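Structure file upload17.txt with compact mmCIF, C-alpha atoms and all ligand atoms:
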# COMPACT_ATOMS: atom_id res chain seq x y z
CA MET A 29 6.98 29.80 2.42
CA ILE A 30 9.06 27.28 4.30
CA ALA A 31 10.02 23.76 3.25
CA VAL A 32 10.83 21.46 6.18
CA VAL A 33 13.24 18.65 5.33
CA ASP A 34 14.50 15.67 7.33
CA ILE A 35 18.21 14.77 7.24
CA ASP A 36 18.74 11.03 7.87
CA GLY A 37 17.31 8.94 5.06
CA VAL A 38 16.67 12.00 2.88
CA LEU A 39 20.00 13.84 2.69
CA ALA A 40 22.32 11.59 4.66
CA ASP A 41 22.73 7.84 4.30
CA ALA A 42 23.10 6.48 7.85
CA THR A 43 23.27 2.82 6.80
CA HIS A 44 26.98 2.48 7.64
CA ARG A 45 26.39 3.34 11.34
CA GLU A 46 23.15 1.43 11.96
CA HIS A 47 25.10 -1.51 13.39
CA PHE A 48 25.76 0.65 16.49
CA VAL A 49 22.06 0.57 17.41
CA GLN A 50 21.25 -2.90 16.13
CA GLN A 51 23.45 -4.39 18.85
CA ARG A 52 22.45 -4.65 22.53
CA PRO A 53 23.04 -2.51 24.42
CA ARG A 54 22.61 0.14 21.75
CA ASP A 55 25.64 2.38 21.29
CA TRP A 56 24.08 5.80 20.67
CA ASP A 57 27.41 7.61 21.10
CA GLY A 58 28.91 5.42 18.37
CA PHE A 59 25.84 5.91 16.19
CA PHE A 60 25.77 9.71 16.45
CA GLY A 61 29.55 10.03 16.62
CA ALA A 62 29.80 8.79 13.04
CA VAL A 63 27.40 11.26 11.38
CA GLY A 64 30.30 13.08 9.72
CA ALA A 65 31.04 10.00 7.61
CA ASP A 66 27.52 9.69 6.13
CA PRO A 67 27.46 9.59 2.34
CA VAL A 68 25.17 12.23 0.85
CA ILE A 69 21.98 11.02 -0.86
CA GLN A 70 22.25 12.81 -4.18
CA ARG A 71 18.50 12.65 -4.99
CA GLY A 72 17.68 14.26 -1.65
CA ARG A 73 20.32 16.92 -2.12
CA ASP A 74 18.92 17.71 -5.59
CA LEU A 75 15.40 17.93 -4.15
CA VAL A 76 16.50 20.40 -1.46
CA SER A 77 18.40 22.49 -4.00
CA GLU A 78 15.24 22.73 -6.10
CA LEU A 79 13.06 23.56 -3.10
CA ALA A 80 15.58 26.21 -2.00
CA VAL A 81 14.97 28.22 -5.17
CA VAL A 82 11.56 29.31 -3.89
CA HIS A 83 11.43 28.19 -0.26
CA GLU A 84 13.27 28.83 2.96
CA ILE A 85 14.72 25.47 3.98
CA VAL A 86 14.36 24.37 7.59
CA LEU A 87 16.11 21.09 8.37
CA LEU A 88 14.24 19.19 11.09
CA SER A 89 16.08 16.16 12.44
CA GLY A 90 15.72 13.66 15.25
CA ARG A 91 19.50 13.85 15.73
CA PRO A 92 20.35 15.23 19.17
CA GLU A 93 21.71 18.75 19.70
CA ARG A 94 25.11 17.33 20.58
CA THR A 95 25.58 16.44 16.90
CA ARG A 96 25.04 20.07 15.82
CA SER A 97 28.62 21.03 14.98
CA ASP A 98 29.32 17.73 13.15
CA THR A 99 26.00 18.08 11.29
CA GLU A 100 26.65 21.72 10.33
CA GLU A 101 30.11 20.81 9.06
CA TRP A 102 28.65 17.92 7.03
CA LEU A 103 25.98 20.21 5.53
CA ARG A 104 28.67 22.73 4.52
CA GLU A 105 30.87 20.00 3.09
CA HIS A 106 28.00 18.77 0.90
CA ARG A 107 26.80 22.30 0.04
CA ILE A 108 23.27 21.73 1.26
CA PRO A 109 21.37 25.01 1.41
CA TYR A 110 19.37 25.74 4.56
CA ALA A 111 18.28 28.66 6.70
CA GLN A 112 17.71 26.88 10.00
CA LEU A 113 18.65 23.57 11.61
CA VAL A 114 16.26 22.22 14.26
CA LEU A 115 17.52 19.26 16.30
CA ARG A 116 16.25 17.08 19.14
CA PRO A 117 16.99 18.41 22.64
CA ASP A 118 19.71 16.17 24.08
CA ARG A 119 17.57 14.59 26.80
CA ASP A 120 14.41 14.23 24.70
CA ARG A 121 13.86 10.52 23.97
CA ARG A 122 10.39 10.73 22.42
CA PRO A 123 9.63 8.85 19.20
CA ALA A 124 10.45 10.85 16.05
CA ALA A 125 6.79 11.38 15.10
CA THR A 126 5.94 12.85 18.53
CA LEU A 127 9.11 14.92 18.64
CA LYS A 128 8.69 16.38 15.16
CA GLY A 129 4.96 16.99 15.68
CA ASP A 130 6.02 19.20 18.58
CA LEU A 131 9.15 20.89 17.14
CA ILE A 132 7.51 21.78 13.82
CA ARG A 133 4.99 24.02 15.57
CA ARG A 134 7.89 26.29 16.60
CA VAL A 135 8.85 26.54 12.93
CA GLY A 136 5.33 27.35 11.78
CA GLY A 137 1.81 26.09 11.22
CA PRO A 138 0.44 24.47 8.06
CA ASP A 139 -0.17 27.93 6.52
CA ALA A 140 3.51 28.87 6.77
CA ILE A 141 4.96 25.56 5.62
CA ALA A 142 4.62 24.56 1.97
CA VAL A 143 5.82 20.99 2.38
CA VAL A 144 7.39 18.60 4.87
CA VAL A 145 9.76 16.00 3.41
CA ASP A 146 10.58 12.94 5.53
CA ASP A 147 11.37 9.26 4.91
CA ASP A 148 9.67 7.98 8.08
CA PRO A 149 6.04 6.95 7.41
CA ALA A 150 5.13 7.52 11.08
CA VAL A 151 6.41 11.12 10.89
CA VAL A 152 4.64 11.73 7.59
CA SER A 153 1.27 10.46 8.84
CA ARG A 154 1.59 12.38 12.11
CA LEU A 155 2.33 15.67 10.35
CA ALA A 156 -0.29 15.07 7.66
CA ALA A 157 -2.85 14.51 10.42
CA ALA A 158 -1.78 17.85 11.91
CA GLY A 159 -2.65 19.54 8.61
CA TYR A 160 0.77 19.85 6.96
CA ASP A 161 1.37 19.05 3.29
CA THR A 162 3.81 16.16 3.31
CA TYR A 163 6.01 14.29 0.89
CA ARG A 164 7.36 10.89 1.84
CA PHE A 165 10.86 10.51 0.48
CA VAL A 166 11.69 6.94 -0.54
MG MG B 1 14.70 10.25 8.39
Kindly transcribe the structure held in the file into structure tokens.
Amino acid sequence: MIAVVDIDGVLADATHREHFVQQRPRDWDGFFGAVGADPVIQRGRDLVSELAVVHEIVLLSGRPERTRSDTEEWLREHRIPYAQLVLRPDRDRRPAATLKGDLIRRVGGPDAIAVVVDDDPAVVSRLAAAGYDTYRFV
């Protein structure tokens, strides 16, 4: 069985780069350019390590594809176990709940996925409504 886990707000603390998107105009390049400096969220990392004992970990993030190499390096640096990393297509601007509701179907249906862990209540309710078992990380 697969466990699907979000990155930002579960494994990575993005607080230090939020100022890039709280200003107008939003600086998305600045925001995503700084992912390598995110502190790890130890509780989230522990949770994934526990899940990884019995599940295949698929990381599902709203980060764009262009952050893939920085994200993979960060995951290695923090020794986060995972089998697959699914990211947002670079030109896809849909809200996270819509995006993840779509991308998760390529990972598997509710029968193949034991749990989905995400900190975004909109994502959690969308995926729960689609029949997935969910856990809201806070
Ligand atoms: Mg998140």
Review point. Between A:Ala156, A:Ala142, A:Val151, A:Ala40, which is the closest to Leu127 (chain A) once you count all atoms listed in the file?
Key: A:Val151
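Shortest separation to ligand MG 1 (chain B) among A:Leu87, A:Leu131, A:Ala157, A:Ile141 occurs at residue A:Leu87, atoms counted being all atoms listed in the file.
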Exercise for review: Find, counting all atoms listed in the file, the residue in A:Arg133, A:Arg121, A:His47, A:Arg91 that gets nearest to ligand MG 1 (chain B).
Suggested key: A:Arg91
Practice item. Using all atoms listed in the file, pick whichever of A:Pro149, A:Pro109, A:Gly136, A:Gly90 has the shortest atom-to-atom distance to Pro123 (chain A). Key: A:Gly90
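Proximity ranking of A:Leu75, A:Leu113, A:Val49, A:Val38 relative to ligand MG 1 (chain B) places A:Val38 first, based on only C-alpha atoms and all ligand atoms.
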Check your understanding: What do you get as an MDAnalysis selection string if you pick all residues at most 12 Å from ligand MG 1 (chain B), counting all atoms listed in the file?
Key -> chainID A and resid 33:43 69 72 87:91 124:125 128 144:152 164:166
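Closest approach to Thr126 (chain A) among A:His106, A:Arg154, A:His44, A:Arg96 is made by A:Arg154 (distances from only C-alpha atoms).
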Using all atoms listed in the file, give me every residue within 12 Å of (16.1, 25.6, 0.2) in file coordinates, as a compact mmCIF listing (two decimals) with C-alpha atoms, keeping the file's coordinate frame.
# COMPACT_ATOMS: atom_id res chain seq x y z
CA MET A 29 6.98 29.80 2.42
CA ILE A 30 9.06 27.28 4.30
CA ALA A 31 10.02 23.76 3.25
CA VAL A 32 10.83 21.46 6.18
CA VAL A 33 13.24 18.65 5.33
CA GLY A 72 17.68 14.26 -1.65
CA ARG A 73 20.32 16.92 -2.12
CA ASP A 74 18.92 17.71 -5.59
CA LEU A 75 15.40 17.93 -4.15
CA VAL A 76 16.50 20.40 -1.46
CA SER A 77 18.40 22.49 -4.00
CA GLU A 78 15.24 22.73 -6.10
CA LEU A 79 13.06 23.56 -3.10
CA ALA A 80 15.58 26.21 -2.00
CA VAL A 81 14.97 28.22 -5.17
CA VAL A 82 11.56 29.31 -3.89
CA HIS A 83 11.43 28.19 -0.26
CA GLU A 84 13.27 28.83 2.96
CA ILE A 85 14.72 25.47 3.98
CA VAL A 86 14.36 24.37 7.59
CA LEU A 87 16.11 21.09 8.37
CA ARG A 107 26.80 22.30 0.04
CA ILE A 108 23.27 21.73 1.26
CA PRO A 109 21.37 25.01 1.41
CA TYR A 110 19.37 25.74 4.56
CA ALA A 111 18.28 28.66 6.70
CA GLN A 112 17.71 26.88 10.00
CA LEU A 113 18.65 23.57 11.61
CA ALA A 142 4.62 24.56 1.97
CA VAL A 143 5.82 20.99 2.38
CA VAL A 145 9.76 16.00 3.41
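The environment of Arg104 (chain A) within 12 Å, counting only C-alpha atoms and disregarding residues fewer than 6 places along the same chain, consists of Gly64, Val68, Ser97, Asp98 and Tyr110 of chain A.
Between CA of Phe60 (chain A) and CA of Thr95 (chain A) lies a distance of 6.7 Å.
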Revision key, fill the gap. A straight line from CA of Gln51 (chain A) to CA of Arg116 (chain A) spans 22.6 Å
Once you add 3 Å to each side, what are the centre and edge lengths of the axis-aligned box holding all listed atoms of region 33-39 of chain A? One decimal in Å, as JSON, if you can.
{"center_x": 16.6, "center_y": 13.8, "center_z": 5.3, "size_x": 12.8, "size_y": 15.7, "size_z": 11.2}
Check your understanding: What is the CA of Gly137 (chain A) to CA of Arg122 (chain A) distance in Å?
Key -> 20.9 Å
Review point. Excluding same-chain residues fewer than 3 positions from Phe48 (chain A), what lies within 10 Å of it counting all atoms listed in the file, as an NGL selection string?
Key: :A and (44-45 or 51-60 or 62)
